[in-house]
Amino acid sequence: MTDEHWSLVYHQFRPELQGLREALCTLGNGYFATRGAFPEAHADKVHYPGTYLAGGYNRLETEIAGRVIENEDLVNFPNWLSLHFRIDGGDWFDLRDVDILDFHQELDLKAGLLTRRVRFRDASERTTSFVERRFVHLARSHVAGLQMEVCAEDWSGSLEFRSSIDGRVINEGVERYKRLASQHHRPVEMEQVDEETVYLKVRTLQSRLEVATAARTRVYCNGERIEPHRRLHEESGGMIGQVFDLEVAEGDEVGVEKVVSMFSSRDRAIAECGLAAKDELTDLPGFDELQRRHSLAWELLWRRFDIAMDVDNAKGERFHPALVLRLHVFHLVQTVSPNTKDLDAGVPARGWHGEAYRGHIFWDELFIFPLMNLRMPEITRSLLNYRYRRLDAARQAAREAGYRGAMFPWQSGSSGREESQVLHLNPESGRWLPDNTHLQYHVSADIAYNVWQYYQVTDDLEYLLFYGAEVILEVARFFASLTTYDETSERYEIHGVMGPDEYHDSYPNADEPGLDNNAYTNVMAVWVLTKALEVLDRLPELRYDELRDMLDLRPDEIDRWRDISHNMRLCFHDDGIVSQFEGYEELEEFAWDEYREKYDNIQRLDRILEAEGDTPNRYKASKQADVLMLFYLFSDEELAEIFERLGYGFDADIKQRNINYYLQRTSHGSTLSRVVHSWVTADCDRSQSWNLFLDALKSDISDIQGGTTPEGIHLGAMAGTVDLVQRSYAGIEIRGDDVLRFNPQLPDELARLHLDIRWRAHSLAVTISKDRLEISARQSSAKPIRIGFGGDVYRLEAGECREFRLKRT
Ligand code: BGC
């Protein structure tokens, strides 16, 4: 591991960027996460403290536009950070009220530590400095710590602290949700446990989830533990803390350390969450020792997850790509980690970092799992189980919609019912509009794809037999029931859906939402049906019979699957472009240049056009990759096989033609879009791919959508960029034949790449430079594996290293 590019550093306090930094400096451990808000902050226009539990949801109803709508939110739980100080009874410290002499905020990715150093002069000309450190413990998932060391540089007097747990927080982190009900919990217990510990338990109103937080505060002066007199401080609405005064002399350094524990009523191996939260604190060491162990846990994790890049010409970049890539891995692991394995949580599109998209689980998993599959596949397995547990809900949804099999929701939360909002607000126009995104039925195929990918990478046949197969078969059944046969074209068709491109949800002037024969959905349906047939072939007799009887699978149904998988309809433009959906060709070309000139940022063209009384449904303009998703998910060979199975040609130029066509007609209104475009251009236009990759890296760190990252990171794009490096640039390919293939194609700017992956019980260190590929298997008792390179297959044993010469291209 190189020692550079491990820290995200800010040298100035910039109120207008605080929300962004809070999201980027969120600390989490896969069980809970806390935004990087200052401990002295309350929610206001600049700051937004937020603490979220993985899968901690609650539903509330609101009356909007004459209708009662219900939303399930990711709940903002009590703020454990709350720590305030003031000098000589003046105002509580706030960075906005003082003269800042020095400011340094650093997120140390290697150690999992957030530090802030501030030196300031107040209105009474006193100079004070402090250092604040915090962690959310990676090895002890219920524990977090905050330490503040304040130095009275040139004054003496009284220094008062207030350390509390603030349960008065509501969900108010997303401006456009502000009209919706937001008070999700009420305090149910509050007490001072002992001299140094306070405790608060809240309960959510609908899901009745109890969350207990206990906080222990210790005080030091010039390194020695002291016992100041403490006063209990309680405020109605669920705020409990302790206040203490100290007399300090010039040069004194006062340290306050707060160690907290957080448990919920859903946790396992506890009697009751309040008891657990209090018990946890009794034998916990101090901040420093806890932090040491926490940082060790990170160090161990990085041995599996680090991707180191040497980049030429990175000077012009505000943030080094190698740093950003690590930041992405960091946030992924903070969202889903080994601590997530025993939880019933999915992987949320926006991390547990903010309230946008309400912590819901979307198809974004598709972009996230490949990274986990090659590092800690057991985490993917637990995330797939989140879906498996909701298979019955998906069956019910299919039934209610008049279909068979399993129809997974576009947005999933606690129970697996559809959580997509019914109405959404266009902030540009102020209008509440119907939300038709639940028509993205492709999500069910994406889930089946994830199951299959997991199986391909891990060879975990038991998983396939006892969980995965059922998902794939039920999804296949769903798509078969969605399909209708058109006598004229003698093809099967799928009507009334949305593809990944959310700009198109209906035909211009149509009364009903939905589009016909979306290429992505149709191809994914064919893929699922084909895989379902393959799964049936692979099942051992006993399990085959069980599943056949359990699911009531009849031979004529299976015959129909086969027939559809050969005769699904795809639409093409006259010039050999795969039509995003039937009739796409008839839409008007969009005036891209005019709109780029008129608006600074046209990524959210849907909102702009709606505010103008128009709709993107009229234009050949996409929010994100749709047809091109096919070239992202499938290799050229796989796609050719599908097209040929359907009786359509797949000529040598088809990919390039479609890339050229759709790339010009996409606004990248989703951060996922650039990842896909960078990927599909990697083998034909490396420099374009690299530029798109750099843009994708900027999605969150530079908040390129202008205001979305403060509401939560974009985990799909984050993980997608890392996966792009590993599977596209490093060319790691898994075809399901037990061979791990390498076909590196480093962009010119990427001089060297190093990563560690896990494959069939081996830990492989992979180093790629311009002219060499080196794969080394660490010592272990794992059986030899097969490595593919340049059309040949080689054997690799534990402890062995293989080198291959790369041709410079
Ligand atoms: C994108 C979807 C994505 C969702 C959550 C939307 O803006 O269009 O593809 O699943 O965000 O990340």
# chains A, B, ... in the order shown; residues from 1 in each chain; ligands from 1

call {"tool": "closest_atom_pairs", "arguments": {"of": "chain A", "to": "ligand 1", "cutoff": "8 Å", "atoms": "only C-alpha atoms and all ligand atoms", "output": "CSV"}}
result
residue,atom,partner,partner_atom_place_in_ligand_line,distance
A:Ala349,CA,ligand 1,12 (O),4.7
A:Arg350,CA,ligand 1,12 (O),6.5
A:Tyr357,CA,ligand 1,5 (C),7.0
A:Ile361,CA,ligand 1,5 (C),7.9
A:Phe362,CA,ligand 1,10 (O),5.1
A:Trp363,CA,ligand 1,10 (O),5.5
A:Asp364,CA,ligand 1,10 (O),5.2
A:Pro500,CA,ligand 1,9 (O),5.7
A:Asp501,CA,ligand 1,8 (O),6.5
A:Glu502,CA,ligand 1,8 (O),5.6
A:Lys623,CA,ligand 1,8 (O),7.0
A:Gln624,CA,ligand 1,8 (O),6.8
A:Gly669,CA,ligand 1,7 (O),6.8
A:Ser670,CA,ligand 1,7 (O),4.7
A:Thr671,CA,ligand 1,7 (O),7.4
A:Leu672,CA,ligand 1,9 (O),6.8
A:His714,CA,ligand 1,12 (O),6.4
A:Leu715,CA,ligand 1,12 (O),7.6
A:Gly716,CA,ligand 1,12 (O),6.6

call {"tool": "residues_around", "arguments": {"residues": "Met524 (chain A)", "least_positions_apart": "5", "cutoff": "9 Å", "atoms": "only C-alpha atoms", "output": "list of chain:residue names"}}
result
A:His442, A:Ala445, A:Asp446, A:Tyr449, A:Ala519, A:Leu529, A:Leu630

call {"tool": "closest_residue", "arguments": {"among": "A:Ala144, A:Ala782, A:Ala652, A:Leu107", "to": "Leu284 (chain A)", "atoms": "only C-alpha atoms"}}
result
A:Ala144

call {"tool": "residues_around", "arguments": {"residues": "Leu628 (chain A)", "least_positions_apart": "5", "cutoff": "9 Å", "atoms": "only C-alpha atoms", "output": "PyMOL selection string"}}
result
chain A and resi 520+633+655+658-659+662-663+676-677+680

call {"tool": "write_last_selection", "arguments": {"atoms": "N, CA, C and O atoms", "output": "mmCIF file, in the first residue's frame"}}
result
data_model
loop_
_atom_site.group_PDB
_atom_site.id
_atom_site.type_symbol
_atom_site.label_atom_id
_atom_site.label_comp_id
_atom_site.auth_asym_id
_atom_site.auth_seq_id
_atom_site.Cartn_x
_atom_site.Cartn_y
_atom_site.Cartn_z
ATOM 1 N N TYR A 520 -33.823 -2.984 -22.778
ATOM 2 C CA TYR A 520 -33.120 -3.494 -21.594
ATOM 3 C C TYR A 520 -33.996 -4.534 -20.879
ATOM 4 O O TYR A 520 -33.539 -5.628 -20.553
ATOM 5 N N LEU A 633 -23.482 -4.889 -18.749
ATOM 6 C CA LEU A 633 -23.681 -6.123 -17.976
ATOM 7 C C LEU A 633 -23.176 -7.369 -18.688
ATOM 8 O O LEU A 633 -22.832 -8.348 -18.044
ATOM 9 N N LYS A 655 -21.965 -2.385 -31.218
ATOM 10 C CA LYS A 655 -21.691 -1.729 -29.939
ATOM 11 C C LYS A 655 -21.306 -0.267 -30.164
ATOM 12 O O LYS A 655 -21.870 0.645 -29.556
ATOM 13 N N ASN A 658 -24.148 1.986 -31.255
ATOM 14 C CA ASN A 658 -25.081 2.318 -30.175
ATOM 15 C C ASN A 658 -24.460 3.259 -29.148
ATOM 16 O O ASN A 658 -25.137 4.143 -28.624
ATOM 17 N N ILE A 659 -23.165 3.067 -28.891
ATOM 18 C CA ILE A 659 -22.490 3.987 -27.963
ATOM 19 C C ILE A 659 -22.546 5.404 -28.539
ATOM 20 O O ILE A 659 -22.938 6.359 -27.862
ATOM 21 N N TYR A 662 -26.257 6.828 -28.354
ATOM 22 C CA TYR A 662 -26.883 7.153 -27.066
ATOM 23 C C TYR A 662 -26.036 8.086 -26.200
ATOM 24 O O TYR A 662 -26.573 8.850 -25.404
ATOM 25 N N LEU A 663 -24.728 8.010 -26.369
ATOM 26 C CA LEU A 663 -23.870 8.896 -25.565
ATOM 27 C C LEU A 663 -24.211 10.363 -25.830
ATOM 28 O O LEU A 663 -24.248 11.185 -24.926
ATOM 29 N N VAL A 676 -21.350 3.639 -16.369
ATOM 30 C CA VAL A 676 -21.697 2.734 -17.469
ATOM 31 C C VAL A 676 -21.028 3.192 -18.768
ATOM 32 O O VAL A 676 -20.430 2.391 -19.499
ATOM 33 N N HIS A 677 -21.106 4.478 -19.025
ATOM 34 C CA HIS A 677 -20.512 4.975 -20.268
ATOM 35 C C HIS A 677 -18.998 4.825 -20.269
ATOM 36 O O HIS A 677 -18.395 4.508 -21.287
ATOM 37 N N VAL A 680 -18.383 1.100 -21.040
ATOM 38 C CA VAL A 680 -18.609 0.606 -22.406
ATOM 39 C C VAL A 680 -17.634 1.211 -23.413
ATOM 40 O O VAL A 680 -17.399 0.630 -24.460
#

call {"tool": "closest_atom_pairs", "arguments": {"of": "region 352-450 of chain A", "to": "region 483-495 of chain A", "cutoff": "12 Å", "atoms": "only C-alpha atoms", "output": "JSON lines"}}
result
{"residue": "A:Tyr403", "atom": "CA", "partner": "A:Thr483", "partner_atom": "CA", "distance": 9.8}
{"residue": "A:Arg404", "atom": "CA", "partner": "A:Thr483", "partner_atom": "CA", "distance": 11.0}
{"residue": "A:Leu439", "atom": "CA", "partner": "A:His495", "partner_atom": "CA", "distance": 10.4}
{"residue": "A:Gln440", "atom": "CA", "partner": "A:His495", "partner_atom": "CA", "distance": 11.7}
{"residue": "A:Tyr441", "atom": "CA", "partner": "A:Ile494", "partner_atom": "CA", "distance": 10.4}
{"residue": "A:His442", "atom": "CA", "partner": "A:Ile494", "partner_atom": "CA", "distance": 11.1}

call {"tool": "write_last_selection", "arguments": {"atoms": "C-alpha atoms", "output": "mmCIF file, in the first residue's frame"}}
result
data_model
loop_
_atom_site.group_PDB
_atom_site.id
_atom_site.type_symbol
_atom_site.label_atom_id
_atom_site.label_comp_id
_atom_site.auth_asym_id
_atom_site.auth_seq_id
_atom_site.Cartn_x
_atom_site.Cartn_y
_atom_site.Cartn_z
ATOM 1 C CA TYR A 403 -48.986 -11.539 -12.723
ATOM 2 C CA ARG A 404 -47.339 -14.709 -11.488
ATOM 3 C CA LEU A 439 -42.845 0.476 -13.455
ATOM 4 C CA GLN A 440 -39.139 -0.346 -13.552
ATOM 5 C CA TYR A 441 -39.926 -4.042 -13.432
ATOM 6 C CA HIS A 442 -36.401 -4.722 -14.634
#

call {"tool": "select_by_dssp", "arguments": {"residues": "region 627-736 of chain A", "states": "helix (DSSP H, G or I)", "output": "JSON, numbers by chain"}}
result
{"A": [628, 629, 630, 631, 632, 633, 636, 637, 638, 639, 640, 641, 642, 643, 644, 645, 654, 655, 656, 657, 658, 659, 660, 661, 662, 663, 672, 673, 674, 675, 676, 677, 678, 679, 680, 681, 686, 687, 688, 689, 690, 691, 692, 693, 694, 695, 696, 697, 698, 699, 700, 701, 709, 710, 711, 715, 716, 717, 718, 719, 720, 721, 722, 723, 724, 725, 726, 727, 728, 729]}
